[in-house]
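Peer 1: Before we start, here is the structure in question, set down as structure tokens.
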Amino acid sequence: VQLQASGGGLVQAGGSLRLSCAASGRTDSAYASAWFRQAPGQEREFVAAITWSGFRTNYADSVKGRFTISRDNARSTVYLQMNSLKPEDTAVYFCAADHSSARYIYTRWLTPDAYKFWGQGTQVTVSS
């Protein structure tokens, strides 16, 4: 599976962006997906995860209530809608995926090591 992230850019604080992660290759099997982000000099951190069905999601406390992860399996695409953006949201955002048809989100899915496939990252910059 190859992942292509897009949708990043420069936005003022309080603004919105929608990131997309398009999958290609072996997309005929179920997979769980997530978004992570990495600011300069910091470790990659979990942002949001979603099950294959899309029925279960999980968010980092720092983005809960502002970000929404969703997916369109017919288009093999996962989205991250980001509202009320803050300067501290500035980072490179990565989408990730791994084969799973699980109906629930496991704790290990909140860590980068759980994912085999990664996109190239898209820069999000929020100005104050």
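The chains in the structure tokens are called A, B, ... from first to last as shown; in each chain the residues are counted from 1, and the ligands are counted from 1 in the order shown.
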Name the residues in contact with region 9-20 of chain A at a cut-off of 6 Å, using only C-alpha atoms, excluding same-chain residues fewer than 6 positions from it; report them as a list in words.

Peer 2: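 Selected residues are Val78, Tyr79, Leu80, Gln81, Met82, Asn83, Ser84, Leu85, Lys86, Val124, Thr125, Val126, Ser127 and Ser128 of chain A.
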
Peer 1: Quick one: residues within 12 Å of Asp28 (chain A), only C-alpha atoms counted, chain neighbours fewer than 2 positions away excluded, as a PDB file with N, CA and C atoms, in the first residue's frame?

Peer 2:
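So selection09.pdb came out as:
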```
ATOM      1  N   VAL A   1       0.854  -1.187   0.000  1.00  0.00           N
ATOM      2  CA  VAL A   1       0.000   0.000   0.000  1.00  0.00           C
ATOM      3  C   VAL A   1       0.890   1.237   0.000  1.00  0.00           C
ATOM      4  N   ALA A  23      -4.776   6.225  -0.729  1.00  0.00           N
ATOM      5  CA  ALA A  23      -4.055   4.956  -0.769  1.00  0.00           C
ATOM      6  C   ALA A  23      -4.112   4.360  -2.173  1.00  0.00           C
ATOM      7  N   SER A  24      -3.031   3.710  -2.560  1.00  0.00           N
ATOM      8  CA  SER A  24      -2.983   3.014  -3.848  1.00  0.00           C
ATOM      9  C   SER A  24      -2.253   1.687  -3.646  1.00  0.00           C
ATOM     10  N   GLY A  25      -2.344   0.833  -4.638  1.00  0.00           N
ATOM     11  CA  GLY A  25      -1.735  -0.480  -4.513  1.00  0.00           C
ATOM     12  C   GLY A  25      -2.746  -1.474  -3.968  1.00  0.00           C
ATOM     13  N   ARG A  26      -2.342  -2.267  -2.967  1.00  0.00           N
ATOM     14  CA  ARG A  26      -3.201  -3.308  -2.424  1.00  0.00           C
ATOM     15  C   ARG A  26      -4.214  -2.702  -1.448  1.00  0.00           C
ATOM     16  N   ALA A  30      -8.801  -4.822   4.234  1.00  0.00           N
ATOM     17  CA  ALA A  30      -9.128  -3.848   5.270  1.00  0.00           C
ATOM     18  C   ALA A  30      -7.872  -3.314   5.942  1.00  0.00           C
ATOM     19  N   TYR A  31      -7.892  -2.046   6.287  1.00  0.00           N
ATOM     20  CA  TYR A  31      -6.770  -1.490   7.023  1.00  0.00           C
ATOM     21  C   TYR A  31      -7.238  -0.361   7.931  1.00  0.00           C
ATOM     22  N   TRP A  52     -11.277   0.441  10.160  1.00  0.00           N
ATOM     23  CA  TRP A  52     -11.614   0.212   8.757  1.00  0.00           C
ATOM     24  C   TRP A  52     -13.067   0.590   8.469  1.00  0.00           C
ATOM     25  N   ASN A  73     -13.936   4.645   1.934  1.00  0.00           N
ATOM     26  CA  ASN A  73     -13.262   3.445   1.435  1.00  0.00           C
ATOM     27  C   ASN A  73     -13.470   3.249  -0.064  1.00  0.00           C
ATOM     28  N   ALA A  74     -14.544   3.773  -0.597  1.00  0.00           N
ATOM     29  CA  ALA A  74     -14.758   3.675  -2.044  1.00  0.00           C
ATOM     30  C   ALA A  74     -13.692   4.461  -2.804  1.00  0.00           C
ATOM     31  N   ARG A  75     -13.186   5.507  -2.175  1.00  0.00           N
ATOM     32  CA  ARG A  75     -12.133   6.322  -2.770  1.00  0.00           C
ATOM     33  C   ARG A  75     -10.759   6.004  -2.183  1.00  0.00           C
ATOM     34  N   SER A  76     -10.702   5.038  -1.265  1.00  0.00           N
ATOM     35  CA  SER A  76      -9.432   4.665  -0.624  1.00  0.00           C
ATOM     36  C   SER A  76      -8.740   5.897  -0.040  1.00  0.00           C
ATOM     37  N   HIS A  99      -2.766  -3.239   7.925  1.00  0.00           N
ATOM     38  CA  HIS A  99      -3.855  -4.166   7.674  1.00  0.00           C
ATOM     39  C   HIS A  99      -4.550  -4.541   8.974  1.00  0.00           C
ATOM     40  N   SER A 100      -5.839  -4.288   9.028  1.00  0.00           N
ATOM     41  CA  SER A 100      -6.640  -4.652  10.188  1.00  0.00           C
ATOM     42  C   SER A 100      -8.107  -4.448   9.872  1.00  0.00           C
ATOM     43  N   SER A 101      -8.904  -5.432  10.254  1.00  0.00           N
ATOM     44  CA  SER A 101     -10.354  -5.298  10.131  1.00  0.00           C
ATOM     45  C   SER A 101     -10.994  -5.185  11.510  1.00  0.00           C
TER      46      SER A 101
END
```

Peer 1: Where in region 41-121 of chain A does DSSP assign helix (DSSP H, G or I), given as a count of residues only?

Peer 2: 10

Peer 1: At a cut-off of 12 Å, using only C-alpha atoms, what residues contact Asp113 (chain A)? Leave out same-chain residues fewer than 2 positions from it and give the result as a list in words.

Peer 2: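 In the requested format, the answer is Ala34, Phe36, Arg44, Glu45, Phe46, Ala96, Ala97, Asp98, Thr107, Arg108, Trp109, Leu110, Thr111, Tyr115, Lys116, Phe117 and Trp118 of chain A.
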
Peer 1: Counting only C-alpha atoms, which residue out of A:Pro40, A:Thr27, A:Cys21, A:Asp89 sits closest to Ile69 (chain A)?

Peer 2: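 For Ile69 (chain A), the nearest of the given residues is A:Cys21.
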
Peer 1: Please provide as a count of residues only all residues within 10 Å of Ser62 (chain A), with the sequence filter that same-chain residues fewer than 2 positions apart are discarded (counting only C-alpha atoms).

Peer 2: 10

Peer 1: So, with only C-alpha atoms as the atoms that count, which of A:Ala114, A:Ile105, A:Ala48, A:Ala32 lies closest to Thr77 (chain A)?

Peer 2: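 Looking at the shortest contact to Thr77 (chain A), the residue is A:Ala32.
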
Peer 1: So what do you get for CA of Tyr93 (chain A) versus CA of Thr57 (chain A), distance-wise?

Peer 2: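 Spanning CA of Tyr93 (chain A) to CA of Thr57 (chain A) is a straight-line distance of 17.6 Å.
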
Peer 1: Considering only strand (DSSP E) as DSSP defines it on the backbone, what residues of region 51-102 of chain A qualify? List them as a VMD selection string.

Peer 2: chain A and resid 57 to 59 67 to 72 77 to 82 91 to 99

Peer 1: Quick one: residues within 6 Å of Thr122 (chain A), only C-alpha atoms counted, chain neighbours fewer than 3 positions away excluded, as a PyMOL selection string?

Peer 2: chain A and resi 6+8+92-93

Peer 1: CA of Gly41 (chain A) and CA of Gly7 (chain A) are how many Å apart?

Peer 2: 22.9 Å

Peer 1: Between CA of Thr90 (chain A) and CA of Gly121 (chain A), what is the distance in Å, rounded to a tenth?

Peer 2: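 Atom-to-atom, CA of Thr90 (chain A) to CA of Gly121 (chain A), that is 12.7 Å.
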